[in-house]
$ cat run.tsv   # TSV, C-alpha atoms
chain	number	residue	atom	x	y	z
A	1	MET	CA	-4.07	-16.75	-24.56
A	2	GLY	CA	-2.20	-18.76	-21.96
A	3	VAL	CA	-1.09	-18.93	-18.35
A	4	PHE	CA	2.46	-19.81	-17.35
A	5	ALA	CA	3.29	-20.58	-13.73
A	6	SER	CA	6.85	-20.29	-12.48
A	7	THR	CA	8.62	-20.63	-9.17
A	8	ASP	CA	12.15	-20.49	-10.62
A	9	GLY	CA	14.79	-18.06	-9.39
A	10	GLN	CA	16.15	-17.13	-6.03
A	11	GLU	CA	14.12	-13.92	-5.91
A	12	SER	CA	10.82	-15.82	-5.96
A	13	ALA	CA	11.73	-18.01	-2.99
A	14	GLY	CA	8.77	-18.12	-0.60
A	15	HIS	CA	6.07	-17.30	-3.13
A	16	GLU	CA	3.35	-19.88	-3.66
A	17	GLN	CA	2.64	-19.03	-7.29
A	18	ILE	CA	3.75	-16.65	-10.03
A	19	VAL	CA	1.58	-16.41	-13.13
A	20	PHE	CA	2.74	-14.81	-16.39
A	21	CYS	CA	-0.17	-13.64	-18.53
A	22	GLN	CA	-0.06	-12.60	-22.19
A	23	ASP	CA	-2.69	-11.81	-24.79
A	24	LYS	CA	-1.03	-10.60	-27.99
A	25	GLN	CA	-4.17	-9.22	-29.63
A	26	THR	CA	-4.87	-6.74	-26.84
A	27	GLY	CA	-1.21	-6.17	-25.95
A	28	LEU	CA	-1.67	-7.51	-22.42
A	29	LYS	CA	1.50	-8.49	-20.58
A	30	ALA	CA	0.89	-9.08	-16.88
A	31	ILE	CA	2.34	-10.95	-13.92
A	32	ILE	CA	0.31	-12.08	-10.91
A	33	GLY	CA	2.27	-12.94	-7.78
A	34	ILE	CA	0.73	-14.91	-4.91
A	35	TYR	CA	3.00	-14.86	-1.88
A	36	SER	CA	0.77	-16.59	0.67
A	37	THR	CA	-2.75	-17.93	1.08
A	38	ALA	CA	-2.14	-19.08	4.68
A	39	LEU	CA	-4.82	-16.72	6.01
A	40	GLY	CA	-7.15	-16.89	3.01
A	41	PRO	CA	-7.32	-15.83	-0.65
A	42	ALA	CA	-4.53	-13.46	-1.69
A	43	LEU	CA	-5.64	-9.83	-2.00
A	44	GLY	CA	-3.65	-7.05	-3.62
A	45	GLY	CA	-3.99	-4.41	-6.30
A	46	THR	CA	-3.00	-4.36	-9.95
A	47	ARG	CA	-0.26	-1.89	-10.87
A	48	PHE	CA	-0.21	-0.64	-14.50
A	49	TYR	CA	3.25	0.76	-15.17
A	50	PRO	CA	5.76	1.12	-18.07
A	51	TYR	CA	8.60	-0.93	-16.59
A	52	ALA	CA	11.93	-0.73	-18.41
A	53	THR	CA	12.23	-4.53	-18.51
A	54	GLU	CA	10.27	-7.65	-17.66
A	55	ALA	CA	12.80	-8.28	-14.89
A	56	ASP	CA	11.85	-4.96	-13.31
A	57	ALA	CA	8.16	-5.86	-13.51
A	58	LEU	CA	8.82	-9.26	-11.91
A	59	HIS	CA	10.90	-7.74	-9.13
A	60	ASP	CA	8.11	-5.28	-8.33
A	61	VAL	CA	5.36	-7.88	-8.23
A	62	LEU	CA	7.42	-10.16	-5.99
A	63	GLU	CA	8.20	-7.37	-3.53
A	64	LEU	CA	4.66	-5.99	-3.53
A	65	SER	CA	2.93	-9.36	-3.14
A	66	ARG	CA	5.11	-10.25	-0.17
A	67	GLY	CA	4.34	-6.86	1.38
A	68	MET	CA	0.62	-7.46	0.92
A	69	ALA	CA	0.81	-10.74	2.87
A	70	TYR	CA	2.35	-8.92	5.83
A	71	LYS	CA	0.01	-5.95	5.47
A	72	ASN	CA	-3.13	-8.09	5.40
A	73	ALA	CA	-1.92	-10.16	8.35
A	74	LEU	CA	-1.32	-7.11	10.54
A	75	ALA	CA	-4.59	-5.53	9.43
A	76	GLY	CA	-6.38	-8.49	11.02
A	77	LEU	CA	-7.81	-9.67	7.69
A	78	ASP	CA	-8.46	-13.30	6.85
A	79	LEU	CA	-6.70	-12.76	3.54
A	80	GLY	CA	-3.34	-13.68	2.12
A	81	GLY	CA	-0.98	-11.55	0.07
A	82	GLY	CA	-0.84	-11.09	-3.67
A	83	LYS	CA	-0.19	-8.43	-6.27
A	84	ALA	CA	-0.28	-8.01	-10.02
A	85	VAL	CA	1.46	-5.78	-12.51
A	86	ILE	CA	0.48	-4.97	-16.07
A	87	TRP	CA	3.58	-4.07	-18.04
A	88	GLY	CA	2.97	-1.03	-20.26
A	89	ASP	CA	2.09	2.64	-20.34
A	90	PRO	CA	-1.56	2.91	-19.27
A	91	GLU	CA	-1.89	6.16	-21.25
A	92	GLN	CA	-0.95	4.29	-24.41
A	93	VAL	CA	-2.16	0.68	-24.17
A	94	LYS	CA	-4.98	0.52	-21.63
A	95	SER	CA	-8.26	-0.52	-23.26
A	96	GLU	CA	-11.49	-2.29	-22.41
A	97	ALA	CA	-10.35	-5.39	-24.27
A	98	LEU	CA	-6.99	-5.49	-22.46
A	99	LEU	CA	-8.59	-5.09	-19.03
A	100	ARG	CA	-11.17	-7.76	-19.78
A	101	ALA	CA	-8.46	-10.13	-21.00
A	102	TYR	CA	-6.64	-9.52	-17.73
A	103	GLY	CA	-9.90	-10.23	-15.87
A	104	ARG	CA	-10.09	-13.65	-17.48
A	105	PHE	CA	-6.64	-14.51	-16.17
A	106	VAL	CA	-7.72	-13.44	-12.67
A	107	GLU	CA	-10.84	-15.63	-13.02
A	108	SER	CA	-8.68	-18.58	-14.09
A	109	LEU	CA	-7.13	-18.61	-10.61
A	110	ALA	CA	-10.53	-19.59	-9.19
A	111	GLY	CA	-10.50	-17.26	-6.22
A	112	ARG	CA	-6.89	-17.70	-5.10
A	113	TYR	CA	-6.34	-14.01	-5.94
A	114	TYR	CA	-8.57	-10.94	-5.56
A	115	THR	CA	-7.48	-7.80	-7.36
A	116	ALA	CA	-8.08	-4.09	-6.68
A	117	CYS	CA	-6.71	-0.66	-7.70
A	118	ASP	CA	-3.08	0.39	-7.52
A	119	VAL	CA	-0.81	2.82	-9.38
A	120	GLY	CA	-2.17	3.26	-12.91
A	121	THR	CA	-5.52	1.55	-12.27
A	122	TYR	CA	-8.75	3.08	-11.04
A	123	VAL	CA	-12.25	2.24	-9.87
A	124	ALA	CA	-13.59	2.41	-13.44
A	125	ASP	CA	-10.96	-0.16	-14.50
A	126	MET	CA	-12.09	-2.54	-11.74
A	127	ASP	CA	-15.66	-2.29	-13.03
A	128	ILE	CA	-14.43	-3.37	-16.47
A	129	ILE	CA	-12.28	-6.21	-15.10
A	130	ALA	CA	-15.30	-7.38	-13.07
A	131	ARG	CA	-17.18	-8.10	-16.29
A	132	GLU	CA	-14.89	-11.13	-16.67
A	133	THR	CA	-14.20	-12.18	-13.08
A	134	ARG	CA	-15.89	-12.33	-9.69
A	135	TYR	CA	-12.64	-11.74	-7.84
A	136	VAL	CA	-12.45	-7.94	-7.92
A	137	THR	CA	-12.68	-5.35	-5.16
A	138	GLY	CA	-12.35	-1.58	-5.23
A	139	ARG	CA	-15.37	-1.25	-7.53
A	140	SER	CA	-17.55	1.81	-7.92
A	141	VAL	CA	-20.35	2.60	-5.51
A	142	GLU	CA	-22.80	2.21	-8.42
A	143	HIS	CA	-21.73	-1.43	-8.70
A	144	GLY	CA	-21.88	-2.11	-4.97
A	145	GLY	CA	-18.22	-1.39	-4.34
A	146	ALA	CA	-16.21	0.66	-1.88
A	147	GLY	CA	-15.23	3.38	-4.31
A	148	ASP	CA	-11.98	5.29	-3.81
A	149	SER	CA	-9.80	3.25	-1.43
A	150	SER	CA	-7.37	6.14	-0.97
A	151	ILE	CA	-9.87	7.70	1.45
A	152	LEU	CA	-9.23	5.12	4.16
A	153	THR	CA	-5.60	4.69	3.15
A	154	ALA	CA	-5.04	8.31	4.15
A	155	TRP	CA	-7.11	7.86	7.31
A	156	GLY	CA	-4.99	4.87	8.35
A	157	VAL	CA	-1.71	6.72	7.67
A	158	PHE	CA	-2.98	9.55	9.85
A	159	GLN	CA	-3.78	7.08	12.65
A	160	GLY	CA	-0.29	5.58	12.40
A	161	MET	CA	1.21	9.06	12.52
A	162	ARG	CA	-0.81	9.86	15.64
A	163	ALA	CA	0.53	6.71	17.33
A	164	ALA	CA	4.08	7.66	16.36
A	165	ALA	CA	3.57	11.19	17.72
A	166	GLU	CA	2.36	9.72	21.01
A	167	HIS	CA	5.44	7.49	21.17
A	168	VAL	CA	7.88	10.33	20.51
A	169	TRP	CA	6.20	13.37	22.06
A	170	GLY	CA	3.72	11.85	24.52
A	171	SER	CA	0.49	12.99	22.86
A	172	PRO	CA	-1.41	11.40	19.92
A	173	THR	CA	-1.75	14.58	17.88
A	174	LEU	CA	0.14	16.45	15.19
A	175	ALA	CA	-1.04	19.83	16.46
A	176	GLY	CA	1.83	22.29	16.36
A	177	ARG	CA	4.05	19.92	14.37
A	178	ARG	CA	5.38	20.53	10.86
A	179	VAL	CA	4.72	17.63	8.50
A	180	GLY	CA	6.35	17.20	5.09
A	181	VAL	CA	4.20	15.36	2.54
A	182	ALA	CA	5.96	14.08	-0.58
A	183	GLY	CA	3.26	13.33	-3.14
A	184	LEU	CA	-0.15	14.98	-3.44
A	185	GLY	CA	-1.85	12.25	-5.43
A	186	LYS	CA	-4.65	9.88	-4.48
A	187	VAL	CA	-3.65	9.55	-0.82
A	188	GLY	CA	-1.51	12.59	-0.12
A	189	LYS	CA	-4.30	15.06	-0.78
A	190	TYR	CA	-6.56	13.42	1.82
A	191	LEU	CA	-3.72	13.15	4.32
A	192	VAL	CA	-3.06	16.89	4.03
A	193	GLY	CA	-6.68	17.55	5.00
A	194	HIS	CA	-6.45	15.36	8.11
A	195	LEU	CA	-3.22	17.04	9.18
A	196	ILE	CA	-4.57	20.54	8.80
A	197	ASP	CA	-7.75	19.60	10.66
A	198	ASP	CA	-5.53	18.28	13.48
A	199	GLY	CA	-3.65	21.55	13.75
A	200	ALA	CA	-0.44	20.64	11.95
A	201	SER	CA	1.40	22.87	9.51
A	202	VAL	CA	2.21	21.21	6.18
A	203	VAL	CA	4.99	21.55	3.63
A	204	ALA	CA	4.57	19.51	0.46
A	205	THR	CA	5.85	18.72	-3.01
A	206	ASP	CA	4.80	16.80	-6.11
A	207	VAL	CA	6.23	16.21	-9.58
A	208	ASN	CA	2.81	16.93	-11.12
A	209	GLU	CA	2.01	20.60	-11.64
A	210	ARG	CA	-1.73	19.88	-11.51
A	211	ALA	CA	-1.30	18.46	-8.00
A	212	LEU	CA	0.55	21.60	-6.94
A	213	ASP	CA	-2.21	23.78	-8.42
A	214	TRP	CA	-4.75	21.75	-6.44
A	215	ALA	CA	-2.81	22.42	-3.23
A	216	ARG	CA	-2.55	26.16	-3.95
A	217	GLN	CA	-6.30	26.41	-4.51
A	218	THR	CA	-7.52	24.03	-1.77
A	219	TYR	CA	-5.01	24.64	1.02
A	220	PRO	CA	-3.19	27.94	0.40
A	221	GLN	CA	-1.61	27.63	3.86
A	222	VAL	CA	0.49	24.66	2.68
A	223	ASP	CA	4.10	25.57	1.88
A	224	LEU	CA	5.20	24.09	-1.44
A	225	VAL	CA	8.85	23.26	-2.18
A	226	ALA	CA	10.63	22.36	-5.40
A	227	ASP	CA	11.25	18.66	-4.89
A	228	ALA	CA	11.57	15.79	-2.42
A	229	GLY	CA	15.19	16.67	-1.69
A	230	ALA	CA	14.22	20.14	-0.55
A	231	LEU	CA	11.39	18.68	1.51
A	232	ILE	CA	13.57	16.11	3.28
A	233	SER	CA	16.23	18.64	4.23
A	234	SER	CA	13.72	21.25	5.43
A	235	ASP	CA	12.83	21.86	9.07
A	236	ILE	CA	10.09	19.24	9.53
A	237	ASP	CA	9.03	17.08	12.46
A	238	VAL	CA	7.43	14.31	10.39
A	239	TYR	CA	8.21	13.07	6.88
A	240	ALA	CA	5.37	11.43	4.94
A	241	PRO	CA	6.47	9.72	1.69
A	242	CYS	CA	3.27	9.29	-0.34
A	243	ALA	CA	4.58	8.64	-3.86
A	244	LEU	CA	6.49	5.64	-5.25
A	245	GLY	CA	8.74	3.38	-3.17
A	246	GLY	CA	12.42	3.63	-2.30
A	247	ALA	CA	12.11	7.09	-0.73
A	248	LEU	CA	14.33	6.12	2.20
A	249	ASN	CA	17.78	5.39	0.80
A	250	ASP	CA	21.47	6.03	1.37
A	251	GLU	CA	21.16	9.59	0.07
A	252	THR	CA	17.92	10.74	1.65
A	253	VAL	CA	18.25	9.28	5.16
A	254	PRO	CA	21.42	11.21	6.11
A	255	ALA	CA	19.73	14.45	5.00
A	256	LEU	CA	16.49	13.78	6.88
A	257	ARG	CA	15.74	16.21	9.71
A	258	ALA	CA	12.39	14.73	10.80
A	259	LYS	CA	11.99	12.68	13.98
A	260	ILE	CA	9.23	10.50	12.51
A	261	VAL	CA	8.69	8.87	9.09
A	262	THR	CA	5.10	7.82	8.43
A	263	GLY	CA	3.79	7.72	4.88
A	264	ALA	CA	1.51	6.00	2.39
A	265	ALA	CA	4.06	4.83	-0.19
A	266	ASN	CA	4.75	1.11	-0.48
A	267	ASN	CA	8.28	-0.29	-0.03
A	268	GLN	CA	9.76	2.93	1.34
A	269	LEU	CA	13.01	1.27	2.44
A	270	ALA	CA	15.35	1.14	-0.55
A	271	HIS	CA	17.21	-1.90	0.83
A	272	PRO	CA	17.44	-4.02	4.00
A	273	GLY	CA	19.24	-2.24	6.79
A	274	ILE	CA	17.89	1.25	6.09
A	275	ASP	CA	15.45	0.84	8.99
A	276	LYS	CA	18.42	0.30	11.33
A	277	VAL	CA	20.16	3.38	9.92
A	278	LEU	CA	17.02	5.37	10.70
A	279	ALA	CA	16.88	3.96	14.22
A	280	ASP	CA	20.56	4.73	14.81
A	281	ARG	CA	19.90	8.33	13.80
A	282	GLY	CA	17.01	8.57	16.25
A	283	VAL	CA	14.31	8.62	13.57
A	284	LEU	CA	11.15	6.63	14.30
A	285	TYR	CA	10.00	4.78	11.18
A	286	THR	CA	6.50	3.29	11.20
A	287	PRO	CA	6.47	0.41	8.69
A	288	ASP	CA	4.63	1.45	5.54
A	289	TYR	CA	2.69	-1.79	5.23
A	290	VAL	CA	1.24	-1.24	8.70
A	291	VAL	CA	0.08	2.35	8.39
A	292	ASN	CA	-1.09	2.28	4.76
A	293	ALA	CA	-3.38	-0.70	5.27
A	294	GLY	CA	-6.55	1.42	5.35
A	295	GLY	CA	-7.03	0.99	1.61
A	296	VAL	CA	-6.87	-2.79	1.69
A	297	ILE	CA	-9.17	-2.78	4.72
A	298	GLN	CA	-11.64	-0.73	2.70
A	299	VAL	CA	-11.61	-2.95	-0.39
A	300	ALA	CA	-11.57	-6.16	1.68
A	301	ASP	CA	-14.78	-5.03	3.32
A	302	GLU	CA	-16.40	-5.26	-0.13
A	303	ILE	CA	-16.08	-9.04	-0.10
A	304	GLU	CA	-18.69	-9.32	2.66
A	305	GLY	CA	-20.85	-6.42	1.42
A	306	PHE	CA	-19.38	-2.95	1.81
A	307	ASN	CA	-20.17	-0.79	4.83
A	308	PHE	CA	-18.06	2.39	5.02
A	309	GLU	CA	-18.48	3.00	8.76
A	310	ARG	CA	-17.46	-0.57	9.58
A	311	ALA	CA	-14.42	-0.27	7.30
A	312	LYS	CA	-13.44	3.10	8.80
A	313	LEU	CA	-13.65	1.65	12.31
A	314	ARG	CA	-11.30	-1.15	11.28
A	315	ALA	CA	-8.92	1.36	9.68
A	316	THR	CA	-8.95	3.46	12.86
A	317	ARG	CA	-7.49	0.46	14.69
A	318	ILE	CA	-4.24	1.06	12.77
A	319	PHE	CA	-3.51	3.44	15.67
A	320	ASP	CA	-3.60	0.51	18.13
A	321	THR	CA	-1.59	-1.80	15.85
A	322	THR	CA	1.10	0.85	15.36
A	323	ARG	CA	1.27	1.51	19.09
A	324	GLN	CA	1.65	-2.23	19.76
A	325	ILE	CA	4.47	-2.53	17.23
A	326	LEU	CA	6.36	0.47	18.60
A	327	ARG	CA	6.13	-0.87	22.14
A	328	LEU	CA	7.26	-4.33	21.03
A	329	ALA	CA	10.21	-2.80	19.16
A	330	ASP	CA	11.31	-0.99	22.32
A	331	ALA	CA	10.86	-4.08	24.47
A	332	GLU	CA	12.86	-6.33	22.13
A	333	GLY	CA	15.45	-3.74	21.13
A	334	VAL	CA	14.76	-4.00	17.40
A	335	PRO	CA	13.62	-1.50	14.74
A	336	PRO	CA	9.82	-1.21	14.31
A	337	ALA	CA	9.98	-2.91	10.90
A	338	ALA	CA	11.49	-6.02	12.50
A	339	ALA	CA	8.85	-6.00	15.24
A	340	ALA	CA	6.08	-5.67	12.65
A	341	ASP	CA	7.50	-8.56	10.62
A	342	ARG	CA	7.53	-10.77	13.73
A	343	LEU	CA	3.90	-10.02	14.54
A	344	ALA	CA	2.79	-10.66	10.95
A	345	GLU	CA	4.75	-13.91	10.67
A	346	ARG	CA	3.39	-15.09	14.01
A	347	ARG	CA	-0.20	-14.54	12.88
A	348	MET	CA	0.35	-16.21	9.50
A	349	ALA	CA	1.90	-19.22	11.23
A	350	GLU	CA	-0.55	-19.54	14.12
A	351	VAL	CA	-3.80	-18.81	12.29
A	352	GLY	CA	-2.66	-20.37	9.03
A	353	ARG	CA	-1.98	-23.63	10.85
A	354	LEU	CA	-5.69	-23.92	11.66
A	355	ARG	CA	-6.41	-24.56	7.97
A	356	THR	CA	-4.74	-27.97	8.42
A	357	ILE	CA	-7.58	-28.99	10.75
A	358	HIS	CA	-9.96	-30.66	8.31
A	359	LEU	CA	-13.67	-30.30	8.94
A	360	ALA	CA	-16.07	-33.14	8.32
$ encode --input "run.tsv" --output "structure tokens"
Amino acid sequence: MGVFASTDGQESAGHEQIVFCQDKQTGLKAIIGIYSTALGPALGGTRFYPYATEADALHDVLELSRGMAYKNALAGLDLGGGKAVIWGDPEQVKSEALLRAYGRFVESLAGRYYTACDVGTYVADMDIIARETRYVTGRSVEHGGAGDSSILTAWGVFQGMRAAAEHVWGSPTLAGRRVGVAGLGKVGKYLVGHLIDDGASVVATDVNERALDWARQTYPQVDLVADAGALISSDIDVYAPCALGGALNDETVPALRAKIVTGAANNQLAHPGIDKVLADRGVLYTPDYVVNAGGVIQVADEIEGFNFERAKLRATRIFDTTRQILRLADAEGVPPAAAADRLAERRMAEVGRLRTIHLA
């Protein structure tokens, strides 16, 4: 078992540390990326995914860890940004021994990185990882944790969507609006509930038939369509991408009929410049790392002893943060993503600088 740190390559420019982790006996192959600890220890989930190549896994961890630094900064957390990926099919290779081996690598970083759930990892996995490291959040309620972080992720996305609705239509509600939800997984299913409670009508899709069956049984009033393409081109007011990243690309954006894009998926913009294309088309995009921060707010609250109501109150403030970003974007004549980046970078620079003041 060994740890290999690397900062080589243009793509990793700006990251503080990249750790390659391998344990041949368990089959563990993982990469931990720490983008910034300017505001505090890096916090970000562990994604367990069957990447085609190691290069794909590295690209994902670099993008996601950078996004977490900006997300945590705008969420008002005293935490930096990090992320980890385990390379492999969780249905085939995930085991107690592999997760515990991974936990030892997390522990070896001595608190520079806190992990949590992400795609392919769950609360039960965090409980196993925690048997080898103290630096785990997103644990089960039975072990003093926050439980399912998708609950407040969905709540925060809903708050961001309310702020966007106020900006476009003058009222912070989705009542009477038609919202398209792409992805009815961990977060999407909770978001659908908030939207229906608010008086919105919902059209949705998912690649998983079980998710579609859940929607038919739980919310029969939801219209289900064949795929994301059909959803995007349908008559919707708001588009909510809640599956994997890259949903906003050169093919989907020209077909989009919605006036607002607010969703839970990470890294929704397929490449730089897509946010400007959206703005030029009159589509208001609320940056994903702003509105989907409810989950990280929930698991971060664990570090000081979890209190759900306190965490929910913090997640509710995503409404105010989104409103601030949209107003700043208008004032400076830039897309909301650029305005959000400026606010995050300002906080990392201004607050991070205070760590250079040494205390006696």
$ closest_residue --input "run.tsv" --among "A:Tyr70, A:Tyr35, A:Tyr114, A:Tyr49" --to "Arg347 in chain A" --atoms "all atoms listed in the file"
A:Tyr70
$ closest_residue --input "run.tsv" --among "A:Ile236, A:Val222, A:Leu244, A:Val207" --to "Val187 in chain A" --atoms "all atoms listed in the file"
A:Leu244
$ atom_distance --input "run.tsv" --atom1 "CA of Ser65 in chain A" --atom2 "CA of Ile297 in chain A"
15.9 Å
$ closest_residue --input "run.tsv" --among "A:Ala339, A:Leu28, A:Ala211, A:Val123" --to "Val93 in chain A" --atoms "all atoms listed in the file"
A:Leu28
$ residues_around --input "run.tsv" --residues "range 314-322 of chain A" --least-positions-apart "3" --cutoff "9 Å" --atoms "only C-alpha atoms" --output "PyMOL selection string"
chain A and resi 74-76+152-153+155-164+286-287+290-295+297-298+309-311+325-327+340
$ write_last_selection --input "run.tsv" --atoms "C-alpha atoms" --output "PDB file, in the coordinates of the input"
ATOM      1  CA  LEU A  74      -1.320  -7.110  10.540  1.00  0.00           C
ATOM      2  CA  ALA A  75      -4.590  -5.530   9.430  1.00  0.00           C
ATOM      3  CA  GLY A  76      -6.380  -8.490  11.020  1.00  0.00           C
ATOM      4  CA  LEU A 152      -9.230   5.120   4.160  1.00  0.00           C
ATOM      5  CA  THR A 153      -5.600   4.690   3.150  1.00  0.00           C
ATOM      6  CA  TRP A 155      -7.110   7.860   7.310  1.00  0.00           C
ATOM      7  CA  GLY A 156      -4.990   4.870   8.350  1.00  0.00           C
ATOM      8  CA  VAL A 157      -1.710   6.720   7.670  1.00  0.00           C
ATOM      9  CA  PHE A 158      -2.980   9.550   9.850  1.00  0.00           C
ATOM     10  CA  GLN A 159      -3.780   7.080  12.650  1.00  0.00           C
ATOM     11  CA  GLY A 160      -0.290   5.580  12.400  1.00  0.00           C
ATOM     12  CA  MET A 161       1.210   9.060  12.520  1.00  0.00           C
ATOM     13  CA  ARG A 162      -0.810   9.860  15.640  1.00  0.00           C
ATOM     14  CA  ALA A 163       0.530   6.710  17.330  1.00  0.00           C
ATOM     15  CA  ALA A 164       4.080   7.660  16.360  1.00  0.00           C
ATOM     16  CA  THR A 286       6.500   3.290  11.200  1.00  0.00           C
ATOM     17  CA  PRO A 287       6.470   0.410   8.690  1.00  0.00           C
ATOM     18  CA  VAL A 290       1.240  -1.240   8.700  1.00  0.00           C
ATOM     19  CA  VAL A 291       0.080   2.350   8.390  1.00  0.00           C
ATOM     20  CA  ASN A 292      -1.090   2.280   4.760  1.00  0.00           C
ATOM     21  CA  ALA A 293      -3.380  -0.700   5.270  1.00  0.00           C
ATOM     22  CA  GLY A 294      -6.550   1.420   5.350  1.00  0.00           C
ATOM     23  CA  GLY A 295      -7.030   0.990   1.610  1.00  0.00           C
ATOM     24  CA  ILE A 297      -9.170  -2.780   4.720  1.00  0.00           C
ATOM     25  CA  GLN A 298     -11.640  -0.730   2.700  1.00  0.00           C
ATOM     26  CA  GLU A 309     -18.480   3.000   8.760  1.00  0.00           C
ATOM     27  CA  ARG A 310     -17.460  -0.570   9.580  1.00  0.00           C
ATOM     28  CA  ALA A 311     -14.420  -0.270   7.300  1.00  0.00           C
ATOM     29  CA  ILE A 325       4.470  -2.530  17.230  1.00  0.00           C
ATOM     30  CA  LEU A 326       6.360   0.470  18.600  1.00  0.00           C
ATOM     31  CA  ARG A 327       6.130  -0.870  22.140  1.00  0.00           C
ATOM     32  CA  ALA A 340       6.080  -5.670  12.650  1.00  0.00           C
TER      33      ALA A 340
END
$ atom_distance --input "run.tsv" --atom1 "CA of Asp125 in chain A" --atom2 "CA of His194 in chain A"
27.8 Å
$ residues_around --input "run.tsv" --residues "range 143-145 of chain A" --least-positions-apart "6" --cutoff "8 Å" --atoms "all atoms listed in the file" --output "PyMOL selection string"
chain A and resi 127+137+299+302+305-306
$ decode --input "run.tsv" --residues "range 82-122 of chain A" --atoms "C-alpha atoms" --output "PDB file, in the first residue's frame"
ATOM      1  CA  GLY A  82     -11.524  18.454  -2.339  1.00  0.00           C
ATOM      2  CA  LYS A  83     -12.915  15.361  -4.012  1.00  0.00           C
ATOM      3  CA  ALA A  84     -12.034  11.722  -4.466  1.00  0.00           C
ATOM      4  CA  VAL A  85     -12.816   9.072  -7.037  1.00  0.00           C
ATOM      5  CA  ILE A  86     -12.563   5.318  -6.730  1.00  0.00           C
ATOM      6  CA  TRP A  87     -11.990   3.832 -10.162  1.00  0.00           C
ATOM      7  CA  GLY A  88     -14.145   0.728 -10.694  1.00  0.00           C
ATOM      8  CA  ASP A  89     -17.663  -0.619 -10.911  1.00  0.00           C
ATOM      9  CA  PRO A  90     -19.130  -0.431  -7.396  1.00  0.00           C
ATOM     10  CA  GLU A  91     -21.487  -3.309  -8.228  1.00  0.00           C
ATOM     11  CA  GLN A  92     -18.484  -5.520  -8.940  1.00  0.00           C
ATOM     12  CA  VAL A  93     -15.560  -4.455  -6.735  1.00  0.00           C
ATOM     13  CA  LYS A  94     -16.941  -2.599  -3.727  1.00  0.00           C
ATOM     14  CA  SER A  95     -16.202  -4.466  -0.484  1.00  0.00           C
ATOM     15  CA  GLU A  96     -15.630  -3.790   3.191  1.00  0.00           C
ATOM     16  CA  ALA A  97     -11.901  -4.368   2.781  1.00  0.00           C
ATOM     17  CA  LEU A  98     -11.648  -1.978  -0.190  1.00  0.00           C
ATOM     18  CA  LEU A  99     -13.555   0.785   1.600  1.00  0.00           C
ATOM     19  CA  ARG A 100     -11.464   0.369   4.740  1.00  0.00           C
ATOM     20  CA  ALA A 101      -8.262   0.475   2.692  1.00  0.00           C
ATOM     21  CA  TYR A 102      -9.509   3.710   1.161  1.00  0.00           C
ATOM     22  CA  GLY A 103     -10.261   5.010   4.666  1.00  0.00           C
ATOM     23  CA  ARG A 104      -6.633   4.492   5.647  1.00  0.00           C
ATOM     24  CA  PHE A 105      -5.502   6.657   2.751  1.00  0.00           C
ATOM     25  CA  VAL A 106      -7.915   9.388   3.869  1.00  0.00           C
ATOM     26  CA  GLU A 107      -6.532   9.092   7.421  1.00  0.00           C
ATOM     27  CA  SER A 108      -2.975   9.403   6.087  1.00  0.00           C
ATOM     28  CA  LEU A 109      -3.771  12.969   5.008  1.00  0.00           C
ATOM     29  CA  ALA A 110      -4.150  13.910   8.682  1.00  0.00           C
ATOM     30  CA  GLY A 111      -7.286  15.996   8.327  1.00  0.00           C
ATOM     31  CA  ARG A 112      -6.430  17.888   5.142  1.00  0.00           C
ATOM     32  CA  TYR A 113      -9.372  16.117   3.468  1.00  0.00           C
ATOM     33  CA  TYR A 114     -12.818  15.109   4.767  1.00  0.00           C
ATOM     34  CA  THR A 115     -14.809  12.706   2.625  1.00  0.00           C
ATOM     35  CA  ALA A 116     -18.558  12.108   2.219  1.00  0.00           C
ATOM     36  CA  CYS A 117     -21.014  10.411  -0.177  1.00  0.00           C
ATOM     37  CA  ASP A 118     -21.195  10.980  -3.909  1.00  0.00           C
ATOM     38  CA  VAL A 119     -22.244   8.978  -6.976  1.00  0.00           C
ATOM     39  CA  GLY A 120     -21.755   5.282  -6.198  1.00  0.00           C
ATOM     40  CA  THR A 121     -21.201   5.722  -2.450  1.00  0.00           C
ATOM     41  CA  TYR A 122     -23.755   5.766   0.322  1.00  0.00           C
TER      42      TYR A 122
END
